[in-house]
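Trainee: Please find my_file-v3.txt (compact mmCIF, C-alpha atoms) on the next line:
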# COMPACT_ATOMS: atom_id res chain seq x y z
CA MET A 1 0.00 0.00 0.00
CA ARG A 2 1.15 3.51 -0.71
CA LYS A 3 0.14 6.92 0.50
CA SER A 4 0.41 10.26 -1.28
CA LYS A 5 3.95 11.59 -1.23
CA LYS A 6 2.87 15.21 -0.92
CA THR A 7 1.96 15.96 2.69
CA THR A 8 1.10 19.47 3.80
CA THR A 9 1.65 20.84 7.28
CA LYS A 10 -0.37 24.01 6.98
CA GLY A 11 -2.34 23.12 10.09
CA LEU A 12 -5.99 23.83 10.58
CA ASN A 13 -8.03 25.73 8.00
CA ARG A 14 -10.67 28.32 8.91
CA ARG A 15 -13.32 25.68 9.55
CA ASP A 16 -10.93 23.57 11.64
CA LEU A 17 -9.92 26.58 13.72
CA LEU A 18 -13.50 27.29 14.69
CA LYS A 19 -13.98 23.69 15.72
CA ALA A 20 -10.66 23.56 17.53
CA GLY A 21 -11.61 26.65 19.51
CA ALA A 22 -14.61 24.83 20.90
CA ALA A 23 -12.44 21.86 21.83
CA VAL A 24 -9.86 24.03 23.57
CA GLY A 25 -12.58 25.78 25.53
CA ALA A 26 -13.94 22.47 26.74
CA VAL A 27 -10.49 21.30 27.78
CA ALA A 28 -9.70 24.53 29.62
CA ALA A 29 -12.96 24.36 31.52
CA SER A 30 -12.32 20.81 32.62
CA THR A 31 -9.13 21.42 34.58
CA LYS A 32 -7.09 24.33 35.89
CA PHE A 33 -3.95 22.22 36.03
CA GLY A 34 -3.52 21.63 32.28
CA LEU A 35 -3.89 18.66 30.00
CA PHE A 36 -1.51 16.25 31.69
CA ASN A 37 -2.51 16.47 35.34
CA ILE A 38 -1.28 13.14 36.70
CA ASN A 39 -4.06 13.03 39.30
CA HIS A 40 -6.68 12.34 36.64
CA ALA A 41 -7.76 8.73 36.22
CA TRP A 42 -7.18 8.88 32.48
CA SER A 43 -3.49 9.64 33.02
CA GLN A 44 -2.95 6.09 34.25
CA ASP A 45 -1.44 3.59 31.82
CA VAL A 46 -3.79 0.79 30.84
CA HIS A 47 -2.54 -2.66 29.95
CA TRP A 48 -4.69 -5.59 28.87
CA ASP A 49 -3.45 -9.13 28.43
CA GLY A 50 -6.27 -10.31 26.17
CA GLN A 51 -8.14 -12.20 28.88
CA PRO A 52 -11.82 -11.50 29.76
CA PHE A 53 -12.40 -9.54 32.98
CA ASP A 54 -15.30 -8.43 35.17
CA ALA A 55 -16.05 -4.76 34.51
CA GLY A 56 -18.47 -4.61 37.42
CA GLY A 57 -21.36 -3.27 35.36
CA ALA A 58 -19.39 -0.35 33.89
CA SER A 59 -20.66 1.34 30.72
CA VAL A 60 -18.63 1.98 27.57
CA ILE A 61 -19.87 4.50 24.98
CA VAL A 62 -19.52 3.37 21.38
CA GLY A 63 -20.00 5.36 18.19
CA GLU A 64 -21.07 3.02 15.35
CA TRP A 65 -23.31 3.19 12.27
CA PRO A 66 -27.07 2.90 12.85
CA GLY A 67 -29.80 0.71 11.41
CA PHE A 68 -29.06 -2.79 10.16
CA TRP A 69 -25.38 -2.24 10.98
CA GLU A 70 -26.22 -1.90 14.67
CA GLU A 71 -28.40 -5.00 14.54
CA PHE A 72 -25.53 -6.96 13.01
CA VAL A 73 -22.90 -5.72 15.48
CA ARG A 74 -25.07 -6.36 18.51
CA THR A 75 -26.13 -9.84 17.36
CA ASN A 76 -22.68 -11.00 16.30
CA MET A 77 -20.52 -9.41 18.97
CA MET A 78 -21.84 -6.90 21.48
CA ASN A 79 -24.60 -8.90 23.19
CA GLU A 80 -22.17 -11.67 24.09
CA PHE A 81 -19.48 -9.14 24.98
CA GLU A 82 -21.75 -7.52 27.59
CA LYS A 83 -22.28 -10.90 29.25
CA THR A 84 -18.62 -11.93 29.15
CA TYR A 85 -17.31 -8.65 30.56
CA ASN A 86 -20.25 -7.75 32.84
CA CYS A 87 -20.62 -4.36 31.20
CA LYS A 88 -23.12 -2.17 29.37
CA ILE A 89 -22.51 -0.91 25.84
CA GLU A 90 -24.09 2.49 25.18
CA TYR A 91 -24.47 2.47 21.40
CA ASP A 92 -24.79 5.81 19.60
CA GLY A 93 -25.51 5.74 15.88
CA SER A 94 -26.15 9.47 15.48
CA TRP A 95 -23.25 10.30 13.16
CA PRO A 96 -21.24 12.54 12.72
CA TRP A 97 -19.09 12.06 15.78
CA ILE A 98 -16.72 15.01 15.30
CA ALA A 99 -18.95 17.73 16.76
CA LYS A 100 -19.47 15.75 19.96
CA PHE A 101 -15.76 15.07 20.38
CA LEU A 102 -14.96 18.74 19.89
CA ALA A 103 -17.67 19.89 22.29
CA ASN A 104 -16.41 17.62 25.09
CA GLY A 105 -12.69 17.96 24.47
CA PRO A 106 -10.02 15.23 24.77
CA GLN A 107 -10.20 14.80 28.56
CA ASP A 108 -13.92 14.02 28.64
CA PRO A 109 -14.39 12.05 25.42
CA ALA A 110 -17.89 11.86 24.01
CA TYR A 111 -17.14 8.26 22.97
CA HIS A 112 -14.70 5.75 24.37
CA THR A 113 -14.35 4.02 21.00
CA CYS A 114 -15.62 4.94 17.55
CA ASN A 115 -15.90 3.55 14.02
CA TRP A 116 -14.92 6.10 11.35
CA ASN A 117 -14.25 7.00 7.79
CA ILE A 118 -10.68 8.32 7.71
CA LYS A 119 -11.42 11.91 6.63
CA GLU A 120 -13.61 12.74 9.66
CA MET A 121 -11.25 10.88 11.97
CA THR A 122 -8.33 12.96 10.67
CA GLN A 123 -10.26 16.21 11.15
CA THR A 124 -10.92 15.29 14.76
CA ALA A 125 -7.30 14.37 15.43
CA ARG A 126 -6.13 17.71 14.02
CA ALA A 127 -8.26 19.53 16.59
CA GLY A 128 -6.85 17.86 19.70
CA ASP A 129 -5.09 14.92 21.35
CA PHE A 130 -8.14 12.66 21.22
CA PHE A 131 -6.90 9.18 20.27
CA MET A 132 -4.53 6.48 21.48
CA PRO A 133 -1.60 6.02 19.08
CA VAL A 134 -1.64 2.75 17.18
CA ASP A 135 1.59 1.48 18.74
CA GLU A 136 -0.07 1.57 22.14
CA ILE A 137 -3.17 -0.11 20.74
CA LYS A 138 -1.14 -2.87 19.08
CA ALA A 139 0.63 -3.60 22.37
CA ASN A 140 -2.73 -4.23 24.07
CA VAL A 141 -4.84 -5.89 21.35
CA PRO A 142 -3.65 -9.44 20.63
CA ASN A 143 -5.50 -9.83 17.31
CA ALA A 144 -3.72 -6.77 15.95
CA ALA A 145 -0.61 -8.91 15.53
CA ASP A 146 -2.28 -10.76 12.65
CA CYS A 147 -3.46 -7.67 10.75
CA TRP A 148 -1.89 -6.43 7.54
CA ASP A 149 0.45 -3.47 8.04
CA PHE A 150 -1.81 -1.05 6.16
CA ALA A 151 -4.38 -1.38 8.98
CA PHE A 152 -2.21 0.92 11.12
CA GLU A 153 -1.10 3.50 8.55
CA THR A 154 -3.22 6.34 9.95
CA GLY A 155 -1.29 6.26 13.22
CA ILE A 156 -4.43 6.97 15.25
CA GLY A 157 -6.91 4.26 14.29
CA VAL A 158 -7.02 0.62 13.28
CA THR A 159 -8.63 -0.23 9.95
CA TRP A 160 -10.46 -3.53 10.38
CA ALA A 161 -12.29 -3.83 7.05
CA PHE A 162 -12.25 -2.16 3.65
CA GLY A 163 -13.38 -2.24 0.04
CA GLN A 164 -11.98 -0.83 -3.17
CA TYR A 165 -13.51 2.08 -5.04
CA CYS A 166 -15.10 1.39 -8.41
CA TYR A 167 -17.76 2.36 -10.90
CA VAL A 168 -21.02 0.46 -10.94
CA TRP A 169 -22.40 0.17 -14.48
CA ARG A 170 -25.44 -1.45 -16.03
CA ASP A 171 -24.21 -4.14 -18.40
CA ASP A 172 -27.56 -4.14 -20.22
CA LEU A 173 -27.47 -0.38 -20.85
CA VAL A 174 -23.79 0.38 -21.40
CA ASP A 175 -21.93 -0.71 -24.54
CA PRO A 176 -19.00 -1.06 -24.86
CA PRO A 177 -18.11 -2.09 -21.27
CA ILE A 178 -16.52 0.34 -18.82
CA THR A 179 -12.81 -0.50 -18.80
CA SER A 180 -11.09 2.67 -17.56
CA PHE A 181 -11.56 5.53 -15.13
CA LYS A 182 -11.93 8.01 -18.02
CA ASP A 183 -14.88 6.07 -19.47
CA PHE A 184 -17.10 7.88 -16.98
CA TRP A 185 -16.83 10.94 -19.26
CA ARG A 186 -18.19 9.22 -22.37
CA ASP A 187 -20.66 11.38 -24.29
CA SER A 188 -23.11 8.47 -24.31
CA LEU A 189 -23.34 8.62 -20.49
CA SER A 190 -24.31 12.30 -20.38
CA GLY A 191 -27.17 12.70 -17.93
CA ASN A 192 -26.96 9.05 -16.88
CA ARG A 193 -23.78 9.13 -14.78
CA ALA A 194 -23.67 9.95 -11.08
CA SER A 195 -21.47 10.82 -8.14
CA TYR A 196 -22.24 12.19 -4.65
CA ILE A 197 -22.78 15.33 -2.64
CA THR A 198 -19.55 17.04 -1.59
CA SER A 199 -19.90 16.01 2.07
CA ASN A 200 -19.66 12.33 1.09
CA SER A 201 -16.10 10.97 1.15
CA LEU A 202 -16.79 8.97 -2.02
CA GLN A 203 -17.14 12.26 -3.93
CA MET A 204 -14.03 13.63 -2.21
CA THR A 205 -12.03 10.59 -3.28
CA PHE A 206 -13.53 10.66 -6.79
CA PHE A 207 -12.42 14.30 -7.08
CA MET A 208 -8.83 13.48 -6.06
CA VAL A 209 -8.59 10.52 -8.44
CA ALA A 210 -10.08 12.59 -11.27
CA SER A 211 -7.48 15.30 -10.54
CA ALA A 212 -4.72 12.70 -10.82
CA VAL A 213 -6.03 10.98 -13.95
CA TRP A 214 -6.83 14.17 -15.86
CA GLY A 215 -4.07 16.35 -14.39
CA ALA A 216 -0.56 16.27 -12.98
CA ASP A 217 -1.42 14.47 -9.74
CA GLU A 218 -4.16 14.18 -7.13
CA PHE A 219 -3.37 17.70 -5.90
CA ASP A 220 -4.16 19.28 -9.28
CA MET A 221 -7.42 20.91 -8.25
CA GLU A 222 -7.94 22.79 -11.52
CA ALA A 223 -7.87 19.49 -13.39
CA GLY A 224 -10.39 18.11 -10.91
CA PHE A 225 -12.71 21.09 -11.31
CA ASP A 226 -12.50 20.79 -15.09
CA ALA A 227 -13.31 17.06 -14.85
CA MET A 228 -16.40 17.80 -12.75
CA ARG A 229 -17.57 20.42 -15.26
CA ARG A 230 -17.12 18.02 -18.17
CA ALA A 231 -19.07 15.33 -16.31
CA MET A 232 -22.18 17.52 -16.22
CA PRO A 233 -25.05 16.91 -16.55
CA MET A 234 -24.53 14.40 -13.75
CA LYS A 235 -26.91 13.04 -11.15
CA VAL A 236 -25.92 13.54 -7.52
CA SER A 237 -26.62 10.97 -4.80
CA ASP A 238 -26.32 11.50 -1.07
CA PHE A 239 -25.22 7.99 -0.08
CA THR A 240 -24.37 4.60 -1.57
CA GLY A 241 -27.75 3.03 -0.85
CA ASN A 242 -29.46 5.72 -2.88
CA MET A 243 -26.98 5.12 -5.69
CA GLN A 244 -28.03 1.47 -5.66
CA THR A 245 -31.65 2.53 -6.12
CA LEU A 246 -30.84 4.90 -8.98
CA VAL A 247 -28.88 2.17 -10.74
CA GLU A 248 -31.61 -0.43 -10.23
CA ARG A 249 -34.19 1.95 -11.71
CA GLY A 250 -32.00 2.55 -14.74
CA GLU A 251 -31.75 6.27 -13.96
CA VAL A 252 -27.99 5.89 -13.60
CA HIS A 253 -26.03 3.83 -16.12
CA CYS A 254 -22.62 4.43 -14.52
CA GLY A 255 -21.96 5.73 -11.00
CA VAL A 256 -19.22 6.11 -8.42
CA GLN A 257 -19.42 3.26 -5.92
CA TRP A 258 -17.37 0.86 -3.85
CA GLU A 259 -17.12 -2.79 -4.81
CA GLY A 260 -19.14 -4.35 -1.98
CA GLU A 261 -22.33 -2.57 -3.00
CA VAL A 262 -21.93 -3.84 -6.57
CA TYR A 263 -21.30 -7.43 -5.49
CA PHE A 264 -24.40 -7.23 -3.30
CA GLN A 265 -26.50 -6.09 -6.27
CA GLN A 266 -25.05 -8.83 -8.48
CA ASP A 267 -26.16 -11.42 -5.94
CA LYS A 268 -29.67 -9.93 -6.20
CA ASP A 269 -29.51 -10.55 -9.98
CA ILE A 270 -29.33 -6.84 -10.81
CA PRO A 271 -27.58 -6.49 -14.23
CA VAL A 272 -24.54 -4.58 -12.97
CA GLN A 273 -20.77 -4.89 -13.17
CA PRO A 274 -17.96 -3.17 -11.27
CA TYR A 275 -15.02 -1.44 -12.83
CA VAL A 276 -12.56 -1.42 -9.93
CA TRP A 277 -10.27 1.56 -10.41
CA THR A 278 -6.68 0.75 -11.32
CA GLU A 279 -5.36 4.22 -12.20
CA ARG A 280 -5.44 4.94 -8.47
CA LYS A 281 -6.59 2.30 -6.00
CA PRO A 282 -8.24 4.10 -3.06
CA ILE A 283 -10.12 2.14 -0.44
CA LEU A 284 -13.28 2.81 1.54
CA THR A 285 -12.34 1.89 5.10
CA GLN A 286 -13.89 1.03 8.43
CA THR A 287 -11.44 2.32 11.04
CA LYS A 288 -11.74 2.29 14.84
CA THR A 289 -10.21 4.62 17.39
CA ILE A 290 -9.88 4.42 21.16
CA SER A 291 -10.08 7.67 23.10
CA ARG A 292 -6.78 8.41 24.75
CA TYR A 293 -8.12 9.96 27.95
CA SER A 294 -10.96 7.62 28.74
CA ASP A 295 -11.04 6.34 32.30
CA PRO A 296 -9.03 3.11 32.71
CA MET A 297 -12.02 0.75 32.81
CA GLN A 298 -13.58 2.25 29.68
CA LYS A 299 -10.25 2.21 27.89
CA LYS A 300 -9.73 -1.43 28.82
CA LEU A 301 -13.22 -2.33 27.59
CA SER A 302 -12.53 -0.44 24.36
CA LEU A 303 -9.36 -2.45 23.79
CA ALA A 304 -11.32 -5.66 24.33
CA LEU A 305 -14.03 -4.52 21.91
CA LEU A 306 -11.44 -3.77 19.25
CA ASN A 307 -9.89 -7.18 19.80
CA GLU A 308 -13.30 -8.76 19.18
CA THR A 309 -13.71 -6.67 16.03
CA LEU A 310 -10.38 -8.00 14.73
CA GLU A 311 -11.32 -11.62 15.52
CA PRO A 312 -11.24 -13.61 12.24
CA SER A 313 -14.65 -15.20 12.85
CA TYR A 314 -16.28 -11.77 13.25
CA LEU A 315 -14.54 -10.39 10.18
CA GLU A 316 -15.71 -13.38 8.18
CA LYS A 317 -19.32 -12.66 9.13
CA ALA A 318 -18.90 -8.98 8.21
CA ALA A 319 -17.42 -10.01 4.88
CA GLU A 320 -20.36 -12.29 4.18
CA VAL A 321 -23.04 -9.75 5.12
CA PHE A 322 -21.47 -6.43 4.07
CA TYR A 323 -19.03 -7.66 1.39
CA LEU A 324 -16.16 -6.01 3.29
CA ARG A 325 -12.61 -7.29 2.90
CA PRO A 326 -11.00 -8.22 6.27
CA ALA A 327 -7.81 -6.59 7.55
CA ASN A 328 -6.81 -9.66 9.58
CA SER A 329 -4.60 -11.95 7.50
CA LYS A 330 -6.09 -15.06 9.15
CA ALA A 331 -9.69 -14.35 8.17
CA VAL A 332 -11.14 -16.61 5.48
CA ILE A 333 -12.95 -14.99 2.56
CA PRO A 334 -16.56 -16.26 2.49
CA PRO A 335 -17.92 -17.91 -0.69
CA ASN A 336 -19.95 -14.90 -1.84
CA LEU A 337 -16.82 -12.71 -1.96
CA ALA A 338 -14.49 -15.48 -3.13
CA ALA A 339 -16.79 -15.99 -6.13
CA LYS A 340 -16.00 -12.39 -7.14
CA GLY A 341 -12.27 -13.10 -7.15
CA VAL A 342 -11.58 -11.53 -3.76
CA VAL A 343 -8.65 -13.04 -1.85
CA ASN A 344 -7.11 -12.24 1.54
CA ALA A 345 -3.45 -12.22 0.59
CA ALA A 346 -0.56 -9.77 0.56
CA SER A 347 -0.76 -9.62 -3.23
CA ALA A 348 -4.30 -8.21 -2.98
CA LEU A 349 -2.93 -5.14 -1.17
CA ASP A 350 -0.50 -4.12 -3.92
CA GLY A 351 -0.97 -0.48 -4.85
CA LEU A 352 -3.85 0.22 -2.48
CA TRP A 353 -3.88 3.93 -1.78
CA ILE A 354 -4.94 6.09 1.17
CA PRO A 355 -5.37 9.69 -0.04
CA ASP A 356 -3.65 12.51 1.77
CA TRP A 357 -6.60 13.60 3.87
CA ASN A 358 -4.58 16.34 5.55
CA TRP A 359 -4.13 17.95 2.13
CA TYR A 360 -7.83 17.59 1.37
CA ILE A 361 -8.84 19.13 4.69
CA ASP A 362 -6.48 22.06 4.08
CA ASN A 363 -8.26 22.68 0.75
CA ASP A 364 -11.75 21.56 1.74
CA ASP A 365 -13.39 24.99 1.65
CA ASP A 366 -12.19 25.78 -1.87
CA ILE A 367 -13.02 22.34 -3.25
CA THR A 368 -16.46 22.17 -1.65
CA GLU A 369 -17.48 25.68 -2.74
CA THR A 370 -16.34 25.21 -6.33
CA VAL A 371 -17.71 21.69 -6.81
CA ASN A 372 -21.05 22.68 -5.28
CA GLU A 373 -21.31 25.50 -7.81
CA ILE A 374 -20.56 23.04 -10.61
CA LEU A 375 -23.10 20.48 -9.39
CA ALA A 376 -25.75 23.17 -9.02
CA GLY A 377 -25.39 23.87 -12.73
Take the structure in the file and give it back as structure tokens.

Mentor:
Amino acid sequence: MRKSKKTTTKGLNRRDLLKAGAAVGAVAASTKFGLFNINHAWSQDVHWDGQPFDAGGASVIVGEWPGFWEEFVRTNMMNEFEKTYNCKIEYDGSWPWIAKFLANGPQDPAYHTCNWNIKEMTQTARAGDFFMPVDEIKANVPNAADCWDFAFETGIGVTWAFGQYCYVWRDDLVDPPITSFKDFWRDSLSGNRASYITSNSLQMTFFMVASAVWGADEFDMEAGFDAMRRAMPMKVSDFTGNMQTLVERGEVHCGVQWEGEVYFQQDKDIPVQPYVWTERKPILTQTKTISRYSDPMQKKLSLALLNETLEPSYLEKAAEVFYLRPANSKAVIPPNLAAKGVVNAASALDGLWIPDWNWYIDNDDDITETVNEILAG
């Protein structure tokens, strides 16, 4: 796996500074002795040996996706976890998490552990010392030892599952087949192609890849803006489930997507195919953080929850239900994914790319404003 070579250190942009101000205010109000007062419970080191323990009825606050996702996580992991550890999981599916973290500040984390997309996680980390570093996590989560190295590349979270970006295209409505990233701009797809609103990370990633393919590199914003203009008229979806619906109705012949959604539709006998991007190979990730200044019991429970998430048997169930690739090298690919050619091997990670989200955040205002104007016509 590779990351962008160009990394900016401009710090927080205008939007980040406003958010950071709120975080700093919350931190200042919480203690007159400063951030590292050794008398606070969260200043104590926490070590976990991987063995179950009695939490004495303690609660741990978890930020995870809502709906069917919550039902799956509770049924396949959390219900049993509560019994094993004598604890209560307070599940909050009211995304986004960032505002709540910033309002509470690092010392009083709104969540003890969270599941993220990398862009929002990075924004939060830029505003304060919120998360345990991955080296500390790895030392206290036994299943982390079996994960592929890319799972720890963010430095602040552990990626436990992922899927590659692609186009979804109707094989009964598109001829010839989609075989390259630039095919999205075919004249024959005018009005029948689709991407996402600018607040969706799929659109953000699509913009960066378009900048790279049509310009000098992924930082070539003018090339990206020009690509968005040339893609109009283009339908705009708010989330991947809605894109599925537009494709099934035949309103979209080719749309930005990630592979799992396409495989799911194929197994429903929808006439679709994926073109998995090769010009750049970004991934849609599921990444978990542990709040650095949680009280020791909550931090210990969070480590145990992450260990359960990285358990091969759990990852195999997630792969079967959500078509997500596992980050643990020992997980077995279920038949529905294996039938699509998916393997869990080092060779499958070649060239996978995590965009430079710090660069994107630094330029977020300009990109969002300009692309919104383009999408509005």

Trainee: So the first atom is CA of Leu337 in chain A and the second is CA of Pro176 in chain A; what is the distance between them in Å, to one decimal place?

Mentor: 25.8 Å

Trainee: Show me the residues close to (-18.0, -14.4, 16.9) - anything with an atom within 12 Å, counting all atoms listed in the file - and format the list as a PyMOL selection string.

Mentor: chain A and resi 72-81+305+307-318

Trainee: Which residues of range 279-333 of chain A have any atom within 12 Å of an atom in range 266-269 of chain A when counting all atoms listed in the file, and what is the closest pair of atoms for each, with the distance in Å to one decimal? Order the rows by chain and rising number and write it as a Markdown table.

Mentor:
| residue | atom | partner | partner_atom | distance |
| --- | --- | --- | --- | --- |
| A:Glu320 | CA | A:Asp267 | CA | 11.7 |
| A:Val321 | CA | A:Asp267 | CA | 11.6 |
| A:Tyr323 | CA | A:Asp267 | CA | 10.9 |

Trainee: Quick check, in Å to one decimal: how far apart do CA of Ser190 in chain A and CA of Trp258 in chain A lie?

Mentor: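 Atom-to-atom, CA of Ser190 in chain A to CA of Trp258 in chain A, that is 21.3 Å.
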
Trainee: Report, in Å to a single decimal, how far apart CA of Met204 in chain A and CA of Lys235 in chain A are.

Mentor: 15.7 Å

Trainee: Looking at A:Ala346, A:Cys147, A:Val272, A:Met232, which one is nearest to Arg186 in chain A, with distances taken over only C-alpha atoms?

Mentor: A:Met232

Trainee: Each residue of range 241-302 of chain A with at least one atom at most 12 Å from range 213-222 of chain A should appear once, together with its nearest atom pair and the corresponding distance in Å (one decimal); atoms considered: only C-alpha atoms; ordering: chain, then increasing residue number; output as CSV.

Mentor:
residue,atom,partner,partner_atom,distance
A:Trp277,CA,A:Val213,CA,10.9
A:Thr278,CA,A:Val213,CA,10.6
A:Glu279,CA,A:Val213,CA,7.0
A:Arg280,CA,A:Val213,CA,8.2
A:Lys281,CA,A:Val213,CA,11.8
A:Pro282,CA,A:Glu218,CA,11.6

Trainee: Applying 10 Å and only C-alpha atoms, which residues near range 191-194 of chain A remain after dropping the ones on its own chain fewer than 2 positions away? List them as JSON, numbers by chain.

Mentor: {"A": [167, 168, 169, 184, 185, 186, 187, 188, 189, 196, 203, 231, 232, 233, 234, 235, 236, 237, 243, 246, 247, 250, 251, 252, 253, 254, 255, 256, 257]}

Trainee: With distances taken over all atoms listed in the file, which of A:Trp95, A:Phe150, A:Tyr293, A:Tyr165 is nearest to Val46 in chain A?

Mentor: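 Distance minimum relative to Val46 in chain A lands on A:Tyr293.
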
Trainee: Any chance you could tabulate, as CSV, the residues of range 73-101 of chain A at most 8 Å from range 66-69 of chain A with each one's nearest atom pair and distance in Å to one decimal, using all atoms listed in the file, in chain and rising number order?

Mentor:
residue,atom,partner,partner_atom,distance
A:Val73,CA,A:Trp69,CA,6.2
A:Asp92,CA,A:Pro66,CA,7.7
A:Gly93,CA,A:Pro66,CA,4.4
A:Ser94,CA,A:Pro66,CA,7.1

Trainee: Using all atoms listed in the file, find the one residue out of A:Arg229, A:Asn140, A:Ser211, A:Glu71 that sits nearest to Ala376 in chain A.

Mentor: A:Arg229

Trainee: Let me make sure I understand: among A:Val332, A:Ala161, A:Ala223, A:Ile290, which one has the smallest atom-to-atom distance to Val62 in chain A if we use all atoms listed in the file?

Mentor: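 Of all the options, A:Ile290 lies closest to Val62 in chain A.
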